[in-house]
There are 2 protein chains.
Amino acid sequence: MGKILEVDLRTGSMRSFEPDKTDLEAFVGGSGLAARIISQETGPETDPLGPENVLVFMPGPLTGTKVPGVGRHSVCAKSPLTGIWGEASCGGSWGMRLKQAGYDGIIVRGRSEKPVYLSVTEGETEIHDATDLWGKGNFETQEFLTERHGRQTATSSIGQAGENRVRLAGIFTDGQHARAAGRCGMGAVMGAKHLKAIVCGGDKKVPVFDDQTVQELNKENIRKMQEASKATTDYGTAAGLTGIEARGDLPIRNWYEGSWEEQAKEIDGIKLAETFLTGRYYCKACPIGCGRVVKLDDGPYASVETGGPEYETLAAYGSLCVIDDLKTLCIANSLSNDYGLDTISTGAVIGYAMEAYEKGLLSGYDTKEVDLSWGSRDGLLKMIRLIAERKGVGDLLADGVRAASQKLGGVAEEFALHVKGLELPMHDPRCFNSVAVGYATSNRGACHLQAYSHCYDYFMTLPEYGYPEISDRFGVEGKGKMVAILQNIMAMMDALCMCKFMLEGHITITHVINWLNAVTGWQMDAEQFLTAGERLYNQKRLYNVNLGISRKDDTLPHRMLTHSRKTGGAAGHLPPFGEMLAEYYEFRGWDEMGVPTTETLSRLGLTRP
Amino acid sequence: MGKILEVDLRTGSMRSFEPDKTDLEAFVGGSGLAARIISQETGPETDPLGPENVLVFMPGPLTGTKVPGVGRHSVCAKSPLTGIWGEASCGGSWGMRLKQAGYDGIIVRGRSEKPVYLSVTEGETEIHDATDLWGKGNFETQEFLTERHGRQTATSSIGQAGENRVRLAGIFTDGQHARAAGRCGMGAVMGAKHLKAIVCGGDKKVPVFDDQTVQELNKENIRKMQEASKATTDYGTAAGLTGIEARGDLPIRNWYEGSWEEQAKEIDGIKLAETFLTGRYYCKACPIGCGRVVKLDDGPYASVETGGPEYETLAAYGSLCVIDDLKTLCIANSLSNDYGLDTISTGAVIGYAMEAYEKGLLSGYDTKEVDLSWGSRDGLLKMIRLIAERKGVGDLLADGVRAASQKLGGVAEEFALHVKGLELPMHDPRCFNSVAVGYATSNRGACHLQAYSHCYDYFMTLPEYGYPEISDRFGVEGKGKMVAILQNIMAMMDALCMCKFMLEGHITITHVINWLNAVTGWQMDAEQFLTAGERLYNQKRLYNVNLGISRKDDTLPHRMLTHSRKTGGAAGHLPPFGEMLAEYYEFRGWDEMGVPTTETLSRLGLTRP
């Protein structure tokens, strides 16, 4: 690893430092190393939208190399949406460009008086006035900065949502081929700092300890991986949407209904390929290319080659809001990319508003200008704007489902689907028992990517760690342990900044470790890999514990624990949550309150703040 | 039914009225009729401790007759402990004395400037100055008023706890043979009104429609009932404490541990009989006599014949706080009766404090003067005083577990065992699946008496309503429905003000209906009895719904859903709560939010406020 850039926006000062070698080996990079830094610098007293919050951009040790799937970076801070540990992982090219500029990470502190952007190019970092860019969307902002700084740069920026401190705002990169650090409101943190964008680029070569081994590993594995992931290449992440509906995994009508068979076919990846798809796009070093390029014949993006919606977006804006019109969903997706909104949380909060409206709970708000009935296409598109602009009922929703439900109060808290303040992503805890434990214990709130267990309860295996067979999705015994192991593994994937799609078919953790060792010169084995992941997971947990998070917060929305659906592939099933959580705690070495024991911490070389 | 007395303490005015006949038939009496009245007069804007709250004392249609087990009355108001529907049922003689004074109920409104007490004797009701009584305990107060008004009167009063608006305060009657309207903080409501006591007595005969039938029914059944309840007569309600421990039903160390076998034997009803027991006492018209008279050789009650602890008290002050010294528990019981504290909630909040102390969470409070270690006998007795007097850490606890945990915040909310703000009584939802549903849905918060289902999951049957066999305590299917039926039945028992112990052995609901018809001249059948109970239950639910209660509140403490105990008779078991709740809602005819549907309401002749 090289240097980390520190920028203080209040003073305009910049410096760089080489991270402590022990920290590097213990916390690896990406969201792991960021957790170490943020834990040292923020705590209970930190206002996530105050100048004292620290925003960390961090690629991983593999980013910028030819190892497949590592063109990612993490963005981390104390989250303004949840008030606890916040992290978001982003694909595209920006992480590689930062490394090519000679940096392994950026720490942003303070708040600028006026809007600024930052350029980080080889040997030169500069803070620029961004008054003219303030108020503009991501597409225009990024296009402008690419024009100014050259095609070999990449820009991470916020749209109007981040500027307006919408707590659902992400940080976006790569223009129409949009990639987002979407979750946990990182865009609002950036907006609160008056930082519009960071442009990166350079010619530095990312050092590789044993390039020949990397090349051999690539040669041996990449084609096989591509073959295993053909459906994702052909149809994107929504390839399996109809299958997801069939299993009972798709959220429908704010997680109330169990089936939506005919409509699912109208919005899946195959339908997209038959209608608006014109191509695909790839993150740097990705051999799969799940990104969709679409072209619409009318609407605000008519005849633009724009990014198409992923599975999460199609489910959040589609089935969750009962909208089965693919064109509307494509427009909603690009609008969100442009305004800079996380489509998961935004779809979730709009679906929430539709349910609140149906139940007559929005009478205190002006809902005349926007149709909030279930399935309203026009309502969806208008709400995205209103949220980004914090106008009318959009202002209520701009702080997320938890805040909105608390503001409305009473029964409105009933159907607020979140864990620790983060809106549920688009996999149902009633469809996979592991997802129930995973959502309840994820360090950033409800998250499918911190354990990624819905895949291991369905088609993936983890032979190195005792899971050579696919797990039974309704199994109970051993499920808590499996989730903990997966969270440790995925914490490492997010520290390496390697895309989890790499693990879909041919590639196993053994391959990942081989690549890691070849790039870094480390001699990590499977056991050490797992322990490193466990350290990262516990570091984030400790951060949250210090903020008051404990067992009481490791739970699921009431609807997930008590409302079983009448139809669909998981009809009648509710996760036996308590048993699994108890096993999870025991395996984790956490005490009855959900706090890592002294023994656990000492084994991992961690200390309580 | 006769007249209901209305007293306005602000103006001193009194009047009486005959309740609407339709209301009487629909809401019966006791807590049923009180629910009707309180629903009409209070709502979201009512401060439970404000003068606008309405405190209703209400015996049932059978109270004062020779029907067995009906010497009870209900005390109801909006609860200052929970903020929702509050009711407490009280044994003893007071209900009968009120009827003998010619009244079927008292409604108390407003707040007196100075402390007063009320006397209600035949043909004469009077408000008296009670300045001299203010600050005195129940024993002295009641003794004084009995001296003044005669041995044929009974007094309901509050001790210092109620005066100090301790939200755990009850309303007590019958001196050393204490009976309490314990739960939901009714004593604080009375204290807030500056009403120290109500003395009742008179010579009116309670009218009976068909006295001969009543006598025949008594002759046929009372002896058989007595035989069936012999253990309760001999050993009181704590007869089965060791069996309760063996089943895994006893709360130990704030509900954390699973077994306490040797210690349980030290505090059960048999041990009491072998040590301090000198006699028993009976509520009016009771053939069983579960009340214990004890005499201690030292301590504050030395050589007084005082009331002995019931099962709930022994568990709350004993196993829950890990105290196995019977003499201490006897003293704690009489102290609570004198100060006027509900032993369930008070034991629960002291156990809570012991856990908080162990975990180092009371550092902001002066705990030097009181030993809050687990099992501290001295700590228990001191804490009872400090709570009643709202001194030091007692002031924190005087508002109940929920308020204390919210004040302490963070992990302190972890082990706050309550539902809707009411501390759990002494039966474990992990020991009986029905108790899980019952606690979660009880209209007054965690309550074992609103469904009484722990008995039906253990030894009682309900042949009239499809339960000729004892239910499987870990069964799931049908459990939600059973709980709803039992809640309807028990709502009727609380409207009739008939003691649920009557149902322990020989007596069935058919007998109860026969007695009811004989006394009132009604011609109710089993189906109508059930529907009447359903109406009462839904009336209370509607009251709560109007205050914002909904499905989200129908839940259990996290510890009950996620902490399974390692030892004991219910080791490893957690209630599969969600499935049962769903069935419960469906059977109840409540919508997804837990609100009775229009259809349900119209079937029961109820309307939303």
# chains A, B, ... in the order shown; residues from 1 in each chain; ligands from 1
call {"tool": "closest_atom_pairs", "arguments": {"of": "chain B", "to": "chain A", "cutoff": "7 Å", "atoms": "only C-alpha atoms", "output": "Markdown table"}}
result
| residue | atom | partner | partner_atom | distance |
| --- | --- | --- | --- | --- |
| B:Gly410 | CA | A:Gly548 | CA | 4.6 |
| B:Val411 | CA | A:Ser550 | CA | 5.8 |
| B:Glu414 | CA | A:Lys552 | CA | 5.1 |
| B:Gly548 | CA | A:Gly410 | CA | 4.5 |
| B:Ile549 | CA | A:Gly410 | CA | 6.7 |
| B:Ser550 | CA | A:Val411 | CA | 5.8 |
| B:Arg551 | CA | A:Glu414 | CA | 6.6 |
| B:Lys552 | CA | A:Glu414 | CA | 5.2 |
| B:His558 | CA | A:Lys552 | CA | 6.2 |
| B:Leu561 | CA | A:Gly578 | CA | 5.3 |
| B:Thr562 | CA | A:Gly578 | CA | 3.7 |
| B:His563 | CA | A:Ala582 | CA | 6.4 |
| B:Leu574 | CA | A:Gly578 | CA | 6.8 |
| B:Pro576 | CA | A:Pro576 | CA | 6.5 |
| B:Gly578 | CA | A:Thr562 | CA | 3.7 |
| B:Glu579 | CA | A:Thr562 | CA | 6.3 |
| B:Leu581 | CA | A:Thr562 | CA | 6.5 |
| B:Ala582 | CA | A:Thr562 | CA | 6.3 |
call {"tool": "residues_around", "arguments": {"residues": "region 322-329 of chain B", "least_positions_apart": "5", "cutoff": "7 Å", "atoms": "only C-alpha atoms", "output": "list in words"}}
result
Ile252, Arg253, Gln263, Glu266, Ile267, Leu314, Tyr317, Trp374, Gly375, Ser376 and Arg377 of chain B
call {"tool": "residues_around", "arguments": {"residues": "Gly12 (chain A)", "least_positions_apart": "3", "cutoff": "10 Å", "atoms": "only C-alpha atoms", "output": "list in words"}}
result
Val7, Asp8, Leu9, Arg109, Gly110, Arg111, Ser112, Glu126 and Ile127 of chain A
call {"tool": "write_last_selection", "arguments": {"atoms": "N, CA and C atoms", "output": "compact mmCIF listing (two decimals), in the first residue's frame"}}
result
# COMPACT_ATOMS: atom_id res chain seq x y z
N VAL A 7 -7.37 15.47 3.67
CA VAL A 7 -7.77 16.81 3.24
C VAL A 7 -8.63 17.43 4.34
N ASP A 8 -8.28 18.64 4.74
CA ASP A 8 -9.14 19.36 5.68
C ASP A 8 -9.83 20.49 4.91
N LEU A 9 -11.11 20.36 4.72
CA LEU A 9 -11.83 21.33 3.88
C LEU A 9 -12.01 22.67 4.58
N ARG A 109 -11.89 15.73 5.96
CA ARG A 109 -12.33 16.29 7.24
C ARG A 109 -12.89 17.69 7.05
N GLY A 110 -13.60 18.16 8.05
CA GLY A 110 -14.02 19.55 8.06
C GLY A 110 -15.14 19.87 7.08
N ARG A 111 -15.39 21.14 6.94
CA ARG A 111 -16.42 21.60 6.01
C ARG A 111 -15.92 22.85 5.34
N SER A 112 -16.08 22.91 4.04
CA SER A 112 -15.68 24.09 3.30
C SER A 112 -16.77 25.15 3.44
N GLU A 126 -5.59 19.36 -5.53
CA GLU A 126 -6.03 20.75 -5.51
C GLU A 126 -7.50 20.85 -5.13
N ILE A 127 -7.81 21.90 -4.36
CA ILE A 127 -9.22 22.18 -4.06
C ILE A 127 -9.68 23.30 -4.97
call {"tool": "select_by_dssp", "arguments": {"residues": "region 487-577 of chain B", "states": "alpha helix (DSSP H)", "output": "PyMOL selection string"}}
result
chain B and resi 487-496+509-520+526-546+558-562+577
call {"tool": "write_last_selection", "arguments": {"atoms": "C-alpha atoms", "output": "PDB file, in the first residue's frame"}}
result
ATOM      1  CA  GLN B 487     -59.156 -13.625  26.721  1.00  0.00           C
ATOM      2  CA  ASN B 488     -62.833 -13.302  25.866  1.00  0.00           C
ATOM      3  CA  ILE B 489     -63.817 -15.642  28.690  1.00  0.00           C
ATOM      4  CA  MET B 490     -61.537 -13.900  31.177  1.00  0.00           C
ATOM      5  CA  ALA B 491     -62.823 -10.477  30.112  1.00  0.00           C
ATOM      6  CA  MET B 492     -66.201 -11.775  31.258  1.00  0.00           C
ATOM      7  CA  MET B 493     -64.754 -13.078  34.506  1.00  0.00           C
ATOM      8  CA  ASP B 494     -63.355  -9.585  35.128  1.00  0.00           C
ATOM      9  CA  ALA B 495     -66.706  -8.025  34.246  1.00  0.00           C
ATOM     10  CA  LEU B 496     -68.486 -10.406  36.617  1.00  0.00           C
ATOM     11  CA  ILE B 509     -68.108 -21.817  32.462  1.00  0.00           C
ATOM     12  CA  THR B 510     -71.493 -23.525  32.285  1.00  0.00           C
ATOM     13  CA  HIS B 511     -71.762 -23.230  36.052  1.00  0.00           C
ATOM     14  CA  VAL B 512     -70.718 -19.586  35.904  1.00  0.00           C
ATOM     15  CA  ILE B 513     -73.410 -18.839  33.340  1.00  0.00           C
ATOM     16  CA  ASN B 514     -76.007 -20.627  35.445  1.00  0.00           C
ATOM     17  CA  TRP B 515     -75.123 -18.496  38.442  1.00  0.00           C
ATOM     18  CA  LEU B 516     -75.127 -15.344  36.344  1.00  0.00           C
ATOM     19  CA  ASN B 517     -78.561 -16.085  34.906  1.00  0.00           C
ATOM     20  CA  ALA B 518     -79.921 -16.972  38.314  1.00  0.00           C
ATOM     21  CA  VAL B 519     -78.764 -13.692  39.819  1.00  0.00           C
ATOM     22  CA  THR B 520     -79.671 -11.393  36.915  1.00  0.00           C
ATOM     23  CA  ALA B 526     -72.292 -20.186  26.264  1.00  0.00           C
ATOM     24  CA  GLU B 527     -72.143 -18.608  22.831  1.00  0.00           C
ATOM     25  CA  GLN B 528     -73.514 -15.306  24.087  1.00  0.00           C
ATOM     26  CA  PHE B 529     -71.157 -15.385  27.054  1.00  0.00           C
ATOM     27  CA  LEU B 530     -68.230 -15.707  24.672  1.00  0.00           C
ATOM     28  CA  THR B 531     -69.498 -12.952  22.402  1.00  0.00           C
ATOM     29  CA  ALA B 532     -70.031 -10.640  25.356  1.00  0.00           C
ATOM     30  CA  GLY B 533     -66.433 -11.266  26.397  1.00  0.00           C
ATOM     31  CA  GLU B 534     -65.280 -10.606  22.864  1.00  0.00           C
ATOM     32  CA  ARG B 535     -67.131  -7.292  22.923  1.00  0.00           C
ATOM     33  CA  LEU B 536     -65.390  -6.268  26.157  1.00  0.00           C
ATOM     34  CA  TYR B 537     -62.006  -7.303  24.847  1.00  0.00           C
ATOM     35  CA  ASN B 538     -62.476  -5.342  21.660  1.00  0.00           C
ATOM     36  CA  GLN B 539     -63.801  -2.317  23.517  1.00  0.00           C
ATOM     37  CA  LYS B 540     -60.525  -2.138  25.444  1.00  0.00           C
ATOM     38  CA  ARG B 541     -58.525  -2.756  22.287  1.00  0.00           C
ATOM     39  CA  LEU B 542     -60.357   0.106  20.588  1.00  0.00           C
ATOM     40  CA  TYR B 543     -59.468   2.347  23.483  1.00  0.00           C
ATOM     41  CA  ASN B 544     -55.823   1.456  22.998  1.00  0.00           C
ATOM     42  CA  VAL B 545     -55.986   1.723  19.209  1.00  0.00           C
ATOM     43  CA  ASN B 546     -57.251   5.246  19.653  1.00  0.00           C
ATOM     44  CA  HIS B 558     -36.227  -9.147  23.207  1.00  0.00           C
ATOM     45  CA  ARG B 559     -35.009 -11.484  25.956  1.00  0.00           C
ATOM     46  CA  MET B 560     -38.179 -13.574  25.593  1.00  0.00           C
ATOM     47  CA  LEU B 561     -37.795 -13.841  21.844  1.00  0.00           C
ATOM     48  CA  THR B 562     -34.076 -14.437  21.648  1.00  0.00           C
ATOM     49  CA  PHE B 577     -44.287 -15.949  18.210  1.00  0.00           C
TER      50      PHE B 577
END
call {"tool": "atom_distance", "arguments": {"atom1": "CA of Ala403 (chain B)", "atom2": "CA of Thr82 (chain B)"}}
result
9.5 Å
call {"tool": "residues_around", "arguments": {"residues": "region 94-106 of chain A", "least_positions_apart": "5", "cutoff": "8 Å", "atoms": "only C-alpha atoms", "output": "ChimeraX atom specification"}}
result
/A:1-7,56-61,63-64,71-73,120-123,152-156,173-174,200-206,284
call {"tool": "write_last_selection", "arguments": {"atoms": "C-alpha atoms", "output": "short mmCIF file (atom, residue, chain, number, x, y, z; two decimals), in the first residue's frame"}}
result
data_model
loop_
_atom_site.label_atom_id
_atom_site.label_comp_id
_atom_site.auth_asym_id
_atom_site.auth_seq_id
_atom_site.Cartn_x
_atom_site.Cartn_y
_atom_site.Cartn_z
CA MET A 1 0.00 0.00 0.00
CA GLY A 2 1.04 3.51 -0.69
CA LYS A 3 -0.07 6.80 0.80
CA ILE A 4 -3.31 8.04 2.18
CA LEU A 5 -4.31 11.60 1.41
CA GLU A 6 -5.78 13.73 4.16
CA VAL A 7 -7.77 16.81 3.24
CA VAL A 56 -13.11 8.05 3.99
CA PHE A 57 -12.68 6.87 0.40
CA MET A 58 -10.74 3.64 0.34
CA PRO A 59 -9.93 1.17 -2.45
CA GLY A 60 -8.37 -2.16 -1.54
CA PRO A 61 -4.91 -3.66 -1.93
CA THR A 63 -7.66 -2.34 -6.75
CA GLY A 64 -5.89 -1.20 -9.87
CA GLY A 71 -12.21 -2.22 -9.51
CA ARG A 72 -14.09 -1.06 -6.47
CA HIS A 73 -13.69 1.26 -3.52
CA VAL A 120 -6.21 14.28 -7.16
CA THR A 121 -3.82 13.64 -9.96
CA GLU A 122 -0.33 12.31 -9.90
CA GLY A 123 1.77 14.53 -7.72
CA GLN A 152 -8.25 9.36 -18.14
CA THR A 153 -9.76 10.66 -14.91
CA ALA A 154 -12.78 9.44 -13.00
CA THR A 155 -15.13 11.54 -10.87
CA SER A 156 -17.04 10.68 -7.73
CA THR A 173 -19.23 7.77 -10.40
CA ASP A 174 -18.74 6.98 -14.11
CA CYS A 200 -8.82 11.26 -9.79
CA GLY A 201 -6.33 10.14 -12.38
CA GLY A 202 -2.69 9.47 -13.04
CA ASP A 203 -0.19 7.08 -14.52
CA LYS A 204 1.21 5.36 -11.48
CA LYS A 205 1.39 1.64 -11.81
CA VAL A 206 -0.08 -0.26 -8.91
CA LYS A 284 -12.55 -1.92 -14.15
#
call {"tool": "atom_distance", "arguments": {"atom1": "CA of Pro48 (chain A)", "atom2": "CA of Lys193 (chain A)"}}
result
10.4 Å
call {"tool": "closest_residue", "arguments": {"among": "B:Ser39, B:Thr600, B:Thr367, B:Ser89", "to": "Ala180 (chain B)", "atoms": "only C-alpha atoms"}}
result
B:Ser89
call {"tool": "residues_around", "arguments": {"residues": "Thr141 (chain A)", "least_positions_apart": "2", "cutoff": "9 Å", "atoms": "only C-alpha atoms", "output": "PDB file with C-alpha atoms, in the first residue's frame"}}
result
ATOM      1  CA  LEU A 133     -21.476  22.997 -10.199  1.00  0.00           C
ATOM      2  CA  TRP A 134     -23.596  23.226  -7.042  1.00  0.00           C
ATOM      3  CA  LYS A 136     -26.286  20.267 -10.884  1.00  0.00           C
ATOM      4  CA  GLY A 137     -26.920  16.553 -11.268  1.00  0.00           C
ATOM      5  CA  ASN A 138     -24.268  13.871 -11.339  1.00  0.00           C
ATOM      6  CA  PHE A 139     -24.374  13.411 -15.103  1.00  0.00           C
ATOM      7  CA  GLU A 143     -19.258  15.213 -17.787  1.00  0.00           C
ATOM      8  CA  PHE A 144     -18.017  18.726 -17.061  1.00  0.00           C
ATOM      9  CA  LEU A 145     -15.156  17.547 -14.834  1.00  0.00           C
ATOM     10  CA  THR A 146     -14.119  14.846 -17.279  1.00  0.00           C
ATOM     11  CA  THR A 155     -15.128  11.537 -10.867  1.00  0.00           C
ATOM     12  CA  SER A 157     -19.722  13.243  -7.090  1.00  0.00           C
ATOM     13  CA  ILE A 158     -23.011  14.022  -5.448  1.00  0.00           C
ATOM     14  CA  GLY A 159     -26.174  15.236  -7.123  1.00  0.00           C
ATOM     15  CA  GLY A 175     -21.478   9.127 -15.629  1.00  0.00           C
ATOM     16  CA  LYS A 196     -19.288  18.324  -4.753  1.00  0.00           C
ATOM     17  CA  ALA A 197     -16.818  15.927  -6.325  1.00  0.00           C
TER      18      ALA A 197
END
call {"tool": "residues_around", "arguments": {"residues": "Tyr452 (chain B)", "least_positions_apart": "4", "cutoff": "12 Å", "atoms": "only C-alpha atoms", "output": "mmCIF file with N, CA and C atoms, in the first residue's frame"}}
result
data_model
loop_
_atom_site.group_PDB
_atom_site.id
_atom_site.type_symbol
_atom_site.label_atom_id
_atom_site.label_comp_id
_atom_site.auth_asym_id
_atom_site.auth_seq_id
_atom_site.Cartn_x
_atom_site.Cartn_y
_atom_site.Cartn_z
ATOM 1 N N PRO B 425 -45.604 -10.291 34.601
ATOM 2 C CA PRO B 425 -45.902 -11.061 35.808
ATOM 3 C C PRO B 425 -45.072 -12.351 35.791
ATOM 4 N N HIS B 427 -44.949 -15.527 35.088
ATOM 5 C CA HIS B 427 -45.009 -16.730 34.271
ATOM 6 C C HIS B 427 -44.257 -16.466 32.978
ATOM 7 N N PHE B 432 -44.661 -21.508 28.137
ATOM 8 C CA PHE B 432 -45.970 -21.806 27.551
ATOM 9 C C PHE B 432 -46.129 -20.930 26.303
ATOM 10 N N SER B 434 -48.718 -20.243 24.754
ATOM 11 C CA SER B 434 -49.912 -19.399 24.849
ATOM 12 C C SER B 434 -49.624 -18.118 25.624
ATOM 13 N N VAL B 435 -48.723 -18.211 26.584
ATOM 14 C CA VAL B 435 -48.400 -17.027 27.389
ATOM 15 C C VAL B 435 -47.704 -15.965 26.528
ATOM 16 N N ALA B 436 -46.941 -16.423 25.552
ATOM 17 C CA ALA B 436 -46.279 -15.473 24.647
ATOM 18 C C ALA B 436 -47.326 -14.631 23.916
ATOM 19 N N VAL B 437 -48.314 -15.292 23.349
ATOM 20 C CA VAL B 437 -49.368 -14.556 22.632
ATOM 21 C C VAL B 437 -50.196 -13.720 23.612
ATOM 22 N N GLY B 438 -50.470 -14.301 24.768
ATOM 23 C CA GLY B 438 -51.294 -13.606 25.762
ATOM 24 C C GLY B 438 -50.645 -12.329 26.257
ATOM 25 N N TYR B 439 -49.378 -12.395 26.618
ATOM 26 C CA TYR B 439 -48.677 -11.196 27.086
ATOM 27 C C TYR B 439 -48.637 -10.125 25.984
ATOM 28 N N SER B 442 -52.360 -8.711 25.471
ATOM 29 C CA SER B 442 -53.198 -8.277 26.600
ATOM 30 C C SER B 442 -53.412 -6.767 26.549
ATOM 31 N N ALA B 446 -48.264 -6.653 29.608
ATOM 32 C CA ALA B 446 -47.947 -8.028 30.003
ATOM 33 C C ALA B 446 -48.803 -8.497 31.173
ATOM 34 N N CYS B 447 -49.645 -9.471 30.929
ATOM 35 C CA CYS B 447 -50.561 -9.916 31.968
ATOM 36 C C CYS B 447 -50.904 -11.389 31.784
ATOM 37 N N HIS B 448 -50.842 -12.121 32.901
ATOM 38 C CA HIS B 448 -51.192 -13.542 32.836
ATOM 39 C C HIS B 448 -52.672 -13.773 33.111
ATOM 40 N N TYR B 456 -54.335 -23.301 31.240
ATOM 41 C CA TYR B 456 -54.930 -24.177 30.222
ATOM 42 C C TYR B 456 -53.857 -24.921 29.435
ATOM 43 N N ASP B 457 -52.641 -24.406 29.459
ATOM 44 C CA ASP B 457 -51.501 -25.134 28.893
ATOM 45 C C ASP B 457 -50.918 -26.097 29.929
ATOM 46 N N TYR B 458 -51.589 -26.186 31.089
ATOM 47 C CA TYR B 458 -50.986 -27.004 32.128
ATOM 48 C C TYR B 458 -51.972 -27.979 32.786
ATOM 49 N N PHE B 459 -53.111 -27.439 33.284
ATOM 50 C CA PHE B 459 -54.004 -28.401 33.950
ATOM 51 C C PHE B 459 -55.501 -28.139 33.787
ATOM 52 N N MET B 460 -55.867 -26.992 33.250
ATOM 53 C CA MET B 460 -57.300 -26.705 33.152
ATOM 54 C C MET B 460 -57.839 -26.997 31.749
ATOM 55 N N THR B 461 -59.148 -27.170 31.651
ATOM 56 C CA THR B 461 -59.785 -27.406 30.353
ATOM 57 C C THR B 461 -60.971 -26.460 30.196
ATOM 58 N N LEU B 462 -61.458 -26.367 28.977
ATOM 59 C CA LEU B 462 -62.552 -25.450 28.674
ATOM 60 C C LEU B 462 -63.512 -26.183 27.740
ATOM 61 N N MET B 482 -56.831 -20.156 20.670
ATOM 62 C CA MET B 482 -57.143 -20.496 22.057
ATOM 63 C C MET B 482 -56.959 -19.285 22.980
ATOM 64 N N VAL B 483 -55.896 -18.562 22.754
ATOM 65 C CA VAL B 483 -55.645 -17.391 23.600
ATOM 66 C C VAL B 483 -56.762 -16.362 23.436
ATOM 67 N N ALA B 484 -57.193 -16.134 22.203
ATOM 68 C CA ALA B 484 -58.267 -15.164 21.969
ATOM 69 C C ALA B 484 -59.543 -15.601 22.694
ATOM 70 N N ILE B 485 -59.873 -16.876 22.594
ATOM 71 C CA ILE B 485 -61.073 -17.382 23.280
ATOM 72 C C ILE B 485 -60.941 -17.198 24.788
ATOM 73 N N LEU B 486 -59.779 -17.550 25.317
ATOM 74 C CA LEU B 486 -59.572 -17.403 26.756
ATOM 75 C C LEU B 486 -59.640 -15.938 27.188
ATOM 76 N N GLN B 487 -59.076 -15.062 26.375
ATOM 77 C CA GLN B 487 -59.156 -13.625 26.721
ATOM 78 C C GLN B 487 -60.605 -13.164 26.773
ATOM 79 N N ASN B 488 -61.413 -13.680 25.853
ATOM 80 C CA ASN B 488 -62.833 -13.302 25.866
ATOM 81 C C ASN B 488 -63.519 -13.816 27.138
ATOM 82 N N ILE B 489 -63.238 -15.060 27.468
ATOM 83 C CA ILE B 489 -63.817 -15.642 28.690
ATOM 84 C C ILE B 489 -63.366 -14.853 29.923
ATOM 85 N N MET B 490 -62.067 -14.568 29.983
ATOM 86 C CA MET B 490 -61.537 -13.900 31.177
ATOM 87 C C MET B 490 -61.990 -12.438 31.251
ATOM 88 N N ALA B 491 -62.249 -11.832 30.097
ATOM 89 C CA ALA B 491 -62.823 -10.477 30.112
ATOM 90 C C ALA B 491 -64.188 -10.526 30.785
ATOM 91 N N MET B 493 -65.029 -12.836 33.085
ATOM 92 C CA MET B 493 -64.754 -13.078 34.506
ATOM 93 C C MET B 493 -64.433 -11.760 35.213
ATOM 94 N N ASP B 494 -63.698 -10.879 34.536
ATOM 95 C CA ASP B 494 -63.355 -9.585 35.128
ATOM 96 C C ASP B 494 -64.521 -8.601 35.097
ATOM 97 N N CYS B 499 -63.553 -14.500 40.792
ATOM 98 C CA CYS B 499 -62.163 -14.946 40.901
ATOM 99 C C CYS B 499 -61.913 -16.122 39.955
ATOM 100 N N LYS B 500 -60.791 -16.067 39.211
ATOM 101 C CA LYS B 500 -60.488 -17.122 38.243
ATOM 102 C C LYS B 500 -60.123 -18.439 38.914
ATOM 103 N N PHE B 501 -59.778 -18.367 40.190
ATOM 104 C CA PHE B 501 -59.478 -19.608 40.913
ATOM 105 C C PHE B 501 -60.702 -20.513 40.993
ATOM 106 N N LEU B 503 -62.373 -21.526 38.726
ATOM 107 C CA LEU B 503 -62.357 -22.440 37.578
ATOM 108 C C LEU B 503 -61.312 -23.542 37.694
ATOM 109 N N GLU B 504 -60.590 -23.548 38.813
ATOM 110 C CA GLU B 504 -59.438 -24.452 38.960
ATOM 111 C C GLU B 504 -59.775 -25.936 38.832
#
call {"tool": "atom_distance", "arguments": {"atom1": "CA of Glu140 (chain A)", "atom2": "CA of Ser93 (chain A)"}}
result
17.9 Å
call {"tool": "residues_around", "arguments": {"residues": "Phe276 (chain A)", "least_positions_apart": "2", "cutoff": "6 Å", "atoms": "only C-alpha atoms", "output": "list in words"}}
result
Leu272, Val294 and Lys295 of chain A
call {"tool": "closest_residue", "arguments": {"among": "A:Ala571, A:Ala228, A:Ala178, A:Ala161", "to": "Gly135 (chain A)", "atoms": "only C-alpha atoms"}}
result
A:Ala161
